[in-house]
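K.L.:
To start, I am sharing the structure in question, which I have written as structure tokens.
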Amino acid sequence: MVTYKEIFQSARRRFSENKIENAYYEAKELFCNVFGKEPVHFKADSYPDREKCDLYELYIKRRLSGEPLQYILGEWEFYSIPIKVGKGVLIPRQDTETLVDTAIEIYKDKCGITVVDLCSGSGCIGLALEKNLDIKEIVLVEKSPDAVKYLKENILLNNSKANIVQDDIFSEDTINQLPMADLIVSNPPYLSSDDMANLQTEVGFEPDVALFGGENGLDFYYKIAKHYKALLNTGGRLIFEVGINQDRDVSDILIAEGYKNVNVKKDLCGVTRVVYGEKNYV
Ligand code: GLN
């Protein structure tokens, strides 16, 4: 028989030996998920039951195979709200909070805005905006059935009034299903062919459809900036998340499409992560 503490220490050691960066944190998160509380909160001489040990072991093996922690836990926090995740949907990243920050800074004093989130995935961006802004209507556009399954769960989990349009942003008809908007946000797939050939093991578990943005990673930016501009009210903003070193190209796309006040924002790591512009005819 092994104690709770021994089980935890062994998981932590196996994670370290397998070069999992945050071995302690990850072993602890999985432990809490299975056993309901942290290792230190169990008495030194108490023993877990067999079934739970087997489950913990299963989770450890999944993690050691490279599967991301977030998929195993099934839920992850983004901008202080819970987001259900699993195979088939992109995991919310801290980088993406920069996009949410940008939108909140601009719209915090506005009442009753309409928001469209293109390529919404789990819905993390739209749902975080809904919690923090006065939104009259919000539509989340996502084409992948696997992602939409999570999107629906997340709408329920966060008591959201968001509507889903399940369609491809490249299909001509999608725009006709959307309302005129004050704000369009998007964290589209933006990895290039080269990026896709060199994915980190964990990212390889995430759906290609959420990652691959065409040969140079910019396909979605061209399409959205050009085609969805018609949806923006005058004075409305388009706010993108961009990949590393894409800020110049995406700024140029917005400028070429006639957006005004094109601007950027850095994430907490100092990477220029957000590019945005305004539809303004004056
Ligand atoms: N941020 C993701 C990554 O670093 C990519 C997500 C996307 O393409 N929007 O892998």
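Within each chain, counting starts at residue 1; across the structure tokens, chains are named A, B, ... in the order shown, with ligands numbered 1 upward in that order.
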List all protein, DNA and RNA residues that have an atom no more than 7 Å from any atom of ligand 1, counting only C-alpha atoms and all ligand atoms, and report them as a PDB file with all heavy atoms, in the first residue's frame.

P.N.:
ATOM      1  N   ARG A  93      -5.204  30.369 -24.159  1.00  0.00           N
ATOM      2  CA  ARG A  93      -3.855  30.711 -23.698  1.00  0.00           C
ATOM      3  C   ARG A  93      -3.869  32.071 -23.020  1.00  0.00           C
ATOM      4  O   ARG A  93      -4.660  32.947 -23.379  1.00  0.00           O
ATOM      5  CB  ARG A  93      -2.899  30.798 -24.882  1.00  0.00           C
ATOM      6  CG  ARG A  93      -2.368  29.452 -25.334  1.00  0.00           C
ATOM      7  CD  ARG A  93      -2.530  29.317 -26.790  1.00  0.00           C
ATOM      8  NE  ARG A  93      -1.736  28.242 -27.361  1.00  0.00           N
ATOM      9  CZ  ARG A  93      -2.221  27.026 -27.640  1.00  0.00           C
ATOM     10  NH1 ARG A  93      -3.477  26.713 -27.330  1.00  0.00           N
ATOM     11  NH2 ARG A  93      -1.457  26.116 -28.230  1.00  0.00           N
ATOM     12  N   ASN A 187      -9.266  35.413 -32.871  1.00  0.00           N
ATOM     13  CA  ASN A 187      -7.965  34.763 -32.730  1.00  0.00           C
ATOM     14  C   ASN A 187      -7.992  33.610 -33.722  1.00  0.00           C
ATOM     15  O   ASN A 187      -8.299  32.486 -33.373  1.00  0.00           O
ATOM     16  CB  ASN A 187      -7.779  34.235 -31.302  1.00  0.00           C
ATOM     17  CG  ASN A 187      -6.525  33.374 -31.179  1.00  0.00           C
ATOM     18  OD1 ASN A 187      -5.601  33.476 -31.993  1.00  0.00           O
ATOM     19  ND2 ASN A 187      -6.494  32.510 -30.171  1.00  0.00           N
ATOM     20  N   PRO A 188      -7.708  33.923 -34.995  1.00  0.00           N
ATOM     21  CA  PRO A 188      -7.866  32.890 -36.024  1.00  0.00           C
ATOM     22  C   PRO A 188      -6.680  31.934 -36.020  1.00  0.00           C
ATOM     23  O   PRO A 188      -5.673  32.214 -35.370  1.00  0.00           O
ATOM     24  CB  PRO A 188      -7.877  33.722 -37.310  1.00  0.00           C
ATOM     25  CG  PRO A 188      -6.949  34.851 -37.009  1.00  0.00           C
ATOM     26  CD  PRO A 188      -7.140  35.165 -35.545  1.00  0.00           C
ATOM     27  N   PRO A 189      -6.782  30.837 -36.756  1.00  0.00           N
ATOM     28  CA  PRO A 189      -5.592  29.999 -36.942  1.00  0.00           C
ATOM     29  C   PRO A 189      -4.525  30.835 -37.629  1.00  0.00           C
ATOM     30  O   PRO A 189      -4.833  31.491 -38.626  1.00  0.00           O
ATOM     31  CB  PRO A 189      -6.092  28.883 -37.870  1.00  0.00           C
ATOM     32  CG  PRO A 189      -7.579  28.894 -37.754  1.00  0.00           C
ATOM     33  CD  PRO A 189      -7.945  30.325 -37.483  1.00  0.00           C
ATOM     34  N   TYR A 190      -3.298  30.829 -37.114  1.00  0.00           N
ATOM     35  CA  TYR A 190      -2.282  31.685 -37.751  1.00  0.00           C
ATOM     36  C   TYR A 190      -0.910  31.042 -37.901  1.00  0.00           C
ATOM     37  O   TYR A 190       0.067  31.718 -38.205  1.00  0.00           O
ATOM     38  CB  TYR A 190      -2.170  33.026 -37.020  1.00  0.00           C
ATOM     39  CG  TYR A 190      -1.894  32.986 -35.531  1.00  0.00           C
ATOM     40  CD1 TYR A 190      -0.743  32.412 -35.018  1.00  0.00           C
ATOM     41  CD2 TYR A 190      -2.782  33.603 -34.644  1.00  0.00           C
ATOM     42  CE1 TYR A 190      -0.489  32.431 -33.649  1.00  0.00           C
ATOM     43  CE2 TYR A 190      -2.545  33.624 -33.274  1.00  0.00           C
ATOM     44  CZ  TYR A 190      -1.395  33.035 -32.782  1.00  0.00           C
ATOM     45  OH  TYR A 190      -1.151  33.058 -31.436  1.00  0.00           O
ATOM     46  N   LEU A 191      -0.824  29.749 -37.664  1.00  0.00           N
ATOM     47  CA  LEU A 191       0.495  29.126 -37.835  1.00  0.00           C
ATOM     48  C   LEU A 191       0.757  28.872 -39.331  1.00  0.00           C
ATOM     49  O   LEU A 191      -0.162  28.566 -40.081  1.00  0.00           O
ATOM     50  CB  LEU A 191       0.583  27.819 -37.045  1.00  0.00           C
ATOM     51  CG  LEU A 191       0.402  27.943 -35.522  1.00  0.00           C
ATOM     52  CD1 LEU A 191       0.723  26.617 -34.846  1.00  0.00           C
ATOM     53  CD2 LEU A 191       1.272  29.051 -34.923  1.00  0.00           C
ATOM     54  N   VAL A 203       1.157  20.874 -28.429  1.00  0.00           N
ATOM     55  CA  VAL A 203       0.350  21.582 -29.429  1.00  0.00           C
ATOM     56  C   VAL A 203      -0.099  20.613 -30.529  1.00  0.00           C
ATOM     57  O   VAL A 203      -1.177  20.755 -31.100  1.00  0.00           O
ATOM     58  CB  VAL A 203       1.107  22.798 -30.008  1.00  0.00           C
ATOM     59  CG1 VAL A 203       0.245  23.560 -31.010  1.00  0.00           C
ATOM     60  CG2 VAL A 203       1.547  23.744 -28.883  1.00  0.00           C
ATOM     61  N   ALA A 210      -7.582  24.501 -36.007  1.00  0.00           N
ATOM     62  CA  ALA A 210      -7.545  25.694 -35.158  1.00  0.00           C
ATOM     63  C   ALA A 210      -6.183  26.382 -35.195  1.00  0.00           C
ATOM     64  O   ALA A 210      -6.011  27.462 -34.635  1.00  0.00           O
ATOM     65  CB  ALA A 210      -7.876  25.315 -33.717  1.00  0.00           C
ATOM     66  N   LEU A 211      -5.225  25.737 -35.844  1.00  0.00           N
ATOM     67  CA  LEU A 211      -3.851  26.249 -35.799  1.00  0.00           C
ATOM     68  C   LEU A 211      -3.356  26.774 -37.146  1.00  0.00           C
ATOM     69  O   LEU A 211      -2.697  27.809 -37.223  1.00  0.00           O
ATOM     70  CB  LEU A 211      -2.892  25.122 -35.364  1.00  0.00           C
ATOM     71  CG  LEU A 211      -3.073  24.550 -33.968  1.00  0.00           C
ATOM     72  CD1 LEU A 211      -2.223  23.287 -33.805  1.00  0.00           C
ATOM     73  CD2 LEU A 211      -2.679  25.576 -32.911  1.00  0.00           C
ATOM     74  N   PHE A 212      -3.698  26.056 -38.219  1.00  0.00           N
ATOM     75  CA  PHE A 212      -3.064  26.310 -39.513  1.00  0.00           C
ATOM     76  C   PHE A 212      -3.736  27.453 -40.270  1.00  0.00           C
ATOM     77  O   PHE A 212      -4.917  27.374 -40.618  1.00  0.00           O
ATOM     78  CB  PHE A 212      -3.076  25.028 -40.355  1.00  0.00           C
ATOM     79  CG  PHE A 212      -2.387  25.172 -41.676  1.00  0.00           C
ATOM     80  CD1 PHE A 212      -1.096  25.696 -41.752  1.00  0.00           C
ATOM     81  CD2 PHE A 212      -3.021  24.790 -42.851  1.00  0.00           C
ATOM     82  CE1 PHE A 212      -0.448  25.830 -42.974  1.00  0.00           C
ATOM     83  CE2 PHE A 212      -2.379  24.925 -44.081  1.00  0.00           C
ATOM     84  CZ  PHE A 212      -1.099  25.446 -44.141  1.00  0.00           C
ATOM     85  N   GLY A 213      -2.945  28.504 -40.533  1.00  0.00           N
ATOM     86  CA  GLY A 213      -3.495  29.692 -41.191  1.00  0.00           C
ATOM     87  C   GLY A 213      -3.038  29.839 -42.620  1.00  0.00           C
ATOM     88  O   GLY A 213      -2.944  30.961 -43.132  1.00  0.00           O
ATOM     89  N   GLY A 243       0.211  35.973 -34.394  1.00  0.00           N
ATOM     90  CA  GLY A 243       1.339  35.153 -33.974  1.00  0.00           C
ATOM     91  C   GLY A 243       2.606  36.000 -33.884  1.00  0.00           C
ATOM     92  O   GLY A 243       2.627  37.165 -34.307  1.00  0.00           O
TER      93      GLY A 243
END

K.L.:
I need the strand (DSSP E or B) residues of stretch 11-258 of chain A per DSSP on the backbone, written as an MDAnalysis selection string.

P.N.:
chainID A and resid 75:78 81:84 113:118 135:141 163:165 181:186 191 212 232:241

K.L.:
For C-alpha atoms, I'd like the residues from the last selection saved as a PDB file, in the first residue's frame.

P.N.:
ATOM      1  CA  GLU A  75     -11.480  22.585 -17.806  1.00  0.00           C
ATOM      2  CA  TRP A  76      -9.181  25.602 -17.791  1.00  0.00           C
ATOM      3  CA  GLU A  77      -9.447  29.143 -16.519  1.00  0.00           C
ATOM      4  CA  PHE A  78      -9.342  32.060 -18.940  1.00  0.00           C
ATOM      5  CA  ILE A  81     -13.898  32.284 -16.089  1.00  0.00           C
ATOM      6  CA  PRO A  82     -14.075  28.481 -16.420  1.00  0.00           C
ATOM      7  CA  ILE A  83     -13.767  27.072 -19.934  1.00  0.00           C
ATOM      8  CA  LYS A  84     -14.397  23.405 -20.803  1.00  0.00           C
ATOM      9  CA  ILE A 113     -22.660  46.931 -27.935  1.00  0.00           C
ATOM     10  CA  THR A 114     -22.919  44.137 -30.493  1.00  0.00           C
ATOM     11  CA  VAL A 115     -19.954  41.784 -30.735  1.00  0.00           C
ATOM     12  CA  VAL A 116     -18.985  39.106 -33.244  1.00  0.00           C
ATOM     13  CA  ASP A 117     -16.228  36.592 -32.431  1.00  0.00           C
ATOM     14  CA  LEU A 118     -14.910  34.867 -35.566  1.00  0.00           C
ATOM     15  CA  ILE A 135     -23.095  43.659 -24.473  1.00  0.00           C
ATOM     16  CA  LYS A 136     -26.494  43.705 -26.144  1.00  0.00           C
ATOM     17  CA  GLU A 137     -25.855  40.926 -28.612  1.00  0.00           C
ATOM     18  CA  ILE A 138     -22.974  38.541 -29.148  1.00  0.00           C
ATOM     19  CA  VAL A 139     -22.479  35.966 -31.881  1.00  0.00           C
ATOM     20  CA  LEU A 140     -19.782  33.319 -31.863  1.00  0.00           C
ATOM     21  CA  VAL A 141     -18.796  31.839 -35.230  1.00  0.00           C
ATOM     22  CA  ASN A 163     -25.665  32.812 -30.189  1.00  0.00           C
ATOM     23  CA  ILE A 164     -23.641  30.371 -32.233  1.00  0.00           C
ATOM     24  CA  VAL A 165     -23.315  30.456 -35.998  1.00  0.00           C
ATOM     25  CA  ALA A 181     -21.306  44.836 -35.088  1.00  0.00           C
ATOM     26  CA  ASP A 182     -19.514  47.471 -33.035  1.00  0.00           C
ATOM     27  CA  LEU A 183     -16.700  45.059 -32.380  1.00  0.00           C
ATOM     28  CA  ILE A 184     -15.321  42.071 -34.256  1.00  0.00           C
ATOM     29  CA  VAL A 185     -12.735  39.993 -32.407  1.00  0.00           C
ATOM     30  CA  SER A 186     -10.776  37.056 -33.724  1.00  0.00           C
ATOM     31  CA  LEU A 191       0.495  29.126 -37.835  1.00  0.00           C
ATOM     32  CA  PHE A 212      -3.064  26.310 -39.513  1.00  0.00           C
ATOM     33  CA  LEU A 232     -18.748  46.829 -38.832  1.00  0.00           C
ATOM     34  CA  ASN A 233     -20.699  49.905 -37.877  1.00  0.00           C
ATOM     35  CA  THR A 234     -18.879  53.168 -38.544  1.00  0.00           C
ATOM     36  CA  GLY A 235     -16.443  53.663 -35.678  1.00  0.00           C
ATOM     37  CA  GLY A 236     -16.434  49.913 -35.028  1.00  0.00           C
ATOM     38  CA  ARG A 237     -13.210  48.029 -34.316  1.00  0.00           C
ATOM     39  CA  LEU A 238     -11.644  44.850 -35.600  1.00  0.00           C
ATOM     40  CA  ILE A 239      -9.292  43.346 -33.015  1.00  0.00           C
ATOM     41  CA  PHE A 240      -7.019  40.428 -33.921  1.00  0.00           C
ATOM     42  CA  GLU A 241      -4.664  38.230 -31.997  1.00  0.00           C
TER      43      GLU A 241
END

K.L.:
Would you pick out the contacts of A:Leu151 at 10 Å or less, using only C-alpha atoms, so that residues sharing its chain but fewer than 3 positions from it are not included, and give the list as a list of chain:residue names?

P.N.:
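Residues meeting the cut-off are A:Ile83, A:Lys84, A:Val85, A:Val89, A:Ser120, A:Gly121, A:Ser122, A:Gly123, A:Cys124, A:Leu127, A:Leu140, A:Val141, A:Glu142, A:Pro145, A:Asp146, A:Ala147, A:Val148, A:Asn154, A:Ile155, A:Leu156, A:Leu157, A:Ala162, A:Ile164.
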
K.L.:
Would you please give, as JSON, numbers by chain, all residues of stretch 72-105 of chain A that DSSP assigns to alpha helix (DSSP H) based on the backbone?

P.N.:
{"A": [72, 73, 97, 98, 99, 100, 101, 102, 103, 104, 105]}

K.L.:
Can I get the selection written as a PDB file, in the first residue's frame, with N, CA, C and O atoms?

P.N.:
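The file below, part_25.pdb, is the result:
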ATOM      1  N   ILE A  72      -6.616  16.879 -20.105  1.00  0.00           N
ATOM      2  CA  ILE A  72      -6.842  15.827 -19.106  1.00  0.00           C
ATOM      3  C   ILE A  72      -7.754  16.362 -18.001  1.00  0.00           C
ATOM      4  O   ILE A  72      -8.683  15.679 -17.561  1.00  0.00           O
ATOM      5  N   LEU A  73      -7.517  17.602 -17.598  1.00  0.00           N
ATOM      6  CA  LEU A  73      -8.366  18.202 -16.559  1.00  0.00           C
ATOM      7  C   LEU A  73      -9.780  18.461 -17.085  1.00  0.00           C
ATOM      8  O   LEU A  73     -10.754  18.426 -16.341  1.00  0.00           O
ATOM      9  N   GLU A  97      -5.410  36.721 -23.460  1.00  0.00           N
ATOM     10  CA  GLU A  97      -6.021  37.694 -22.547  1.00  0.00           C
ATOM     11  C   GLU A  97      -5.693  39.125 -22.975  1.00  0.00           C
ATOM     12  O   GLU A  97      -6.428  40.058 -22.653  1.00  0.00           O
ATOM     13  N   THR A  98      -4.593  39.280 -23.724  1.00  0.00           N
ATOM     14  CA  THR A  98      -4.213  40.614 -24.212  1.00  0.00           C
ATOM     15  C   THR A  98      -5.286  41.171 -25.154  1.00  0.00           C
ATOM     16  O   THR A  98      -5.590  42.363 -25.136  1.00  0.00           O
ATOM     17  N   LEU A  99      -5.854  40.283 -25.979  1.00  0.00           N
ATOM     18  CA  LEU A  99      -6.933  40.715 -26.873  1.00  0.00           C
ATOM     19  C   LEU A  99      -8.143  41.177 -26.039  1.00  0.00           C
ATOM     20  O   LEU A  99      -8.738  42.225 -26.308  1.00  0.00           O
ATOM     21  N   VAL A 100      -8.464  40.400 -25.035  1.00  0.00           N
ATOM     22  CA  VAL A 100      -9.616  40.747 -24.177  1.00  0.00           C
ATOM     23  C   VAL A 100      -9.347  42.082 -23.465  1.00  0.00           C
ATOM     24  O   VAL A 100     -10.225  42.959 -23.427  1.00  0.00           O
ATOM     25  N   ASP A 101      -8.142  42.243 -22.943  1.00  0.00           N
ATOM     26  CA  ASP A 101      -7.765  43.515 -22.293  1.00  0.00           C
ATOM     27  C   ASP A 101      -7.964  44.697 -23.239  1.00  0.00           C
ATOM     28  O   ASP A 101      -8.479  45.749 -22.847  1.00  0.00           O
ATOM     29  N   THR A 102      -7.513  44.511 -24.482  1.00  0.00           N
ATOM     30  CA  THR A 102      -7.600  45.596 -25.466  1.00  0.00           C
ATOM     31  C   THR A 102      -9.051  45.996 -25.693  1.00  0.00           C
ATOM     32  O   THR A 102      -9.399  47.188 -25.687  1.00  0.00           O
ATOM     33  N   ALA A 103      -9.904  44.992 -25.892  1.00  0.00           N
ATOM     34  CA  ALA A 103     -11.323  45.272 -26.143  1.00  0.00           C
ATOM     35  C   ALA A 103     -11.963  45.950 -24.929  1.00  0.00           C
ATOM     36  O   ALA A 103     -12.751  46.894 -25.076  1.00  0.00           O
ATOM     37  N   ILE A 104     -11.621  45.493 -23.749  1.00  0.00           N
ATOM     38  CA  ILE A 104     -12.232  46.062 -22.535  1.00  0.00           C
ATOM     39  C   ILE A 104     -11.802  47.523 -22.356  1.00  0.00           C
ATOM     40  O   ILE A 104     -12.614  48.392 -22.041  1.00  0.00           O
ATOM     41  N   GLU A 105     -10.512  47.781 -22.594  1.00  0.00           N
ATOM     42  CA  GLU A 105     -10.042  49.171 -22.481  1.00  0.00           C
ATOM     43  C   GLU A 105     -10.837  50.098 -23.398  1.00  0.00           C
ATOM     44  O   GLU A 105     -11.223  51.202 -23.015  1.00  0.00           O
TER      45      GLU A 105
END

K.L.:
Compile the contact shell of A:Ala11 as a VMD selection string: residues with an atom at most 9 Å away, counting only C-alpha atoms, same-chain residues fewer than 5 positions apart removed.

P.N.:
chain A and resid 6 16 23 to 24 27 to 28 56 to 57 60

K.L.:
Could you tell me how far atom CA of A:Gln94 lies from atom CA of A:Ile125, in Å and to one decimal?

P.N.:
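Separating atom CA of A:Gln94 from atom CA of A:Ile125 is a distance of 11.1 Å.
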
K.L.:
Neighbouring residues of stretch 169-172 of chain A were defined as those with any atom within 9 Å, considering only C-alpha atoms; residues of the same chain fewer than 4 positions away were excluded. Please report them as number ranges by chain.

P.N.:
A: 118-119, 141-143, 176, 220, 223-224, 227

K.L.:
Determine, counting only C-alpha atoms, which protein, DNA and RNA residues have an atom within 7 Å of an atom of stretch 250-252 of chain A; residues of the same chain fewer than 5 positions away are not included. Present the result as a list in words.

P.N.:
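That gives Tyr221, Val262 and Val275 of chain A.
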
K.L.:
If I take atom CA of A:Asn261 and atom CA of A:Tyr79, how far is one from the other in Å, to one decimal?

P.N.:
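These two atoms are separated by 26.4 Å.
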
K.L.:
To one decimal in Å, tell me the separation between atom CA of A:Pro207 and atom CA of A:Ser144.

P.N.:
9.6 Å

K.L.:
Applying 6 Å and only C-alpha atoms, which residues near A:Val242 remain after dropping the ones on its own chain fewer than 4 positions away? List them as a list in words.

P.N.:
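Listing them by chain and then by number gives Gln246, Arg273 and Val274 of chain A.
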
K.L.:
Hey, can you spit out that residue selection with N, CA and C atoms as a PDB file, in the first residue's frame?

P.N.:
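The result, written out as part.pdb:
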ATOM      1  N   GLN A 246       3.991  38.554 -36.623  1.00  0.00           N
ATOM      2  CA  GLN A 246       2.987  38.801 -37.675  1.00  0.00           C
ATOM      3  C   GLN A 246       2.405  40.212 -37.581  1.00  0.00           C
ATOM      4  N   ARG A 273       1.093  41.100 -29.724  1.00  0.00           N
ATOM      5  CA  ARG A 273       0.139  39.999 -29.765  1.00  0.00           C
ATOM      6  C   ARG A 273      -1.208  40.412 -30.347  1.00  0.00           C
ATOM      7  N   VAL A 274      -1.452  41.712 -30.358  1.00  0.00           N
ATOM      8  CA  VAL A 274      -2.757  42.189 -30.807  1.00  0.00           C
ATOM      9  C   VAL A 274      -2.554  43.301 -31.836  1.00  0.00           C
TER      10      VAL A 274
END
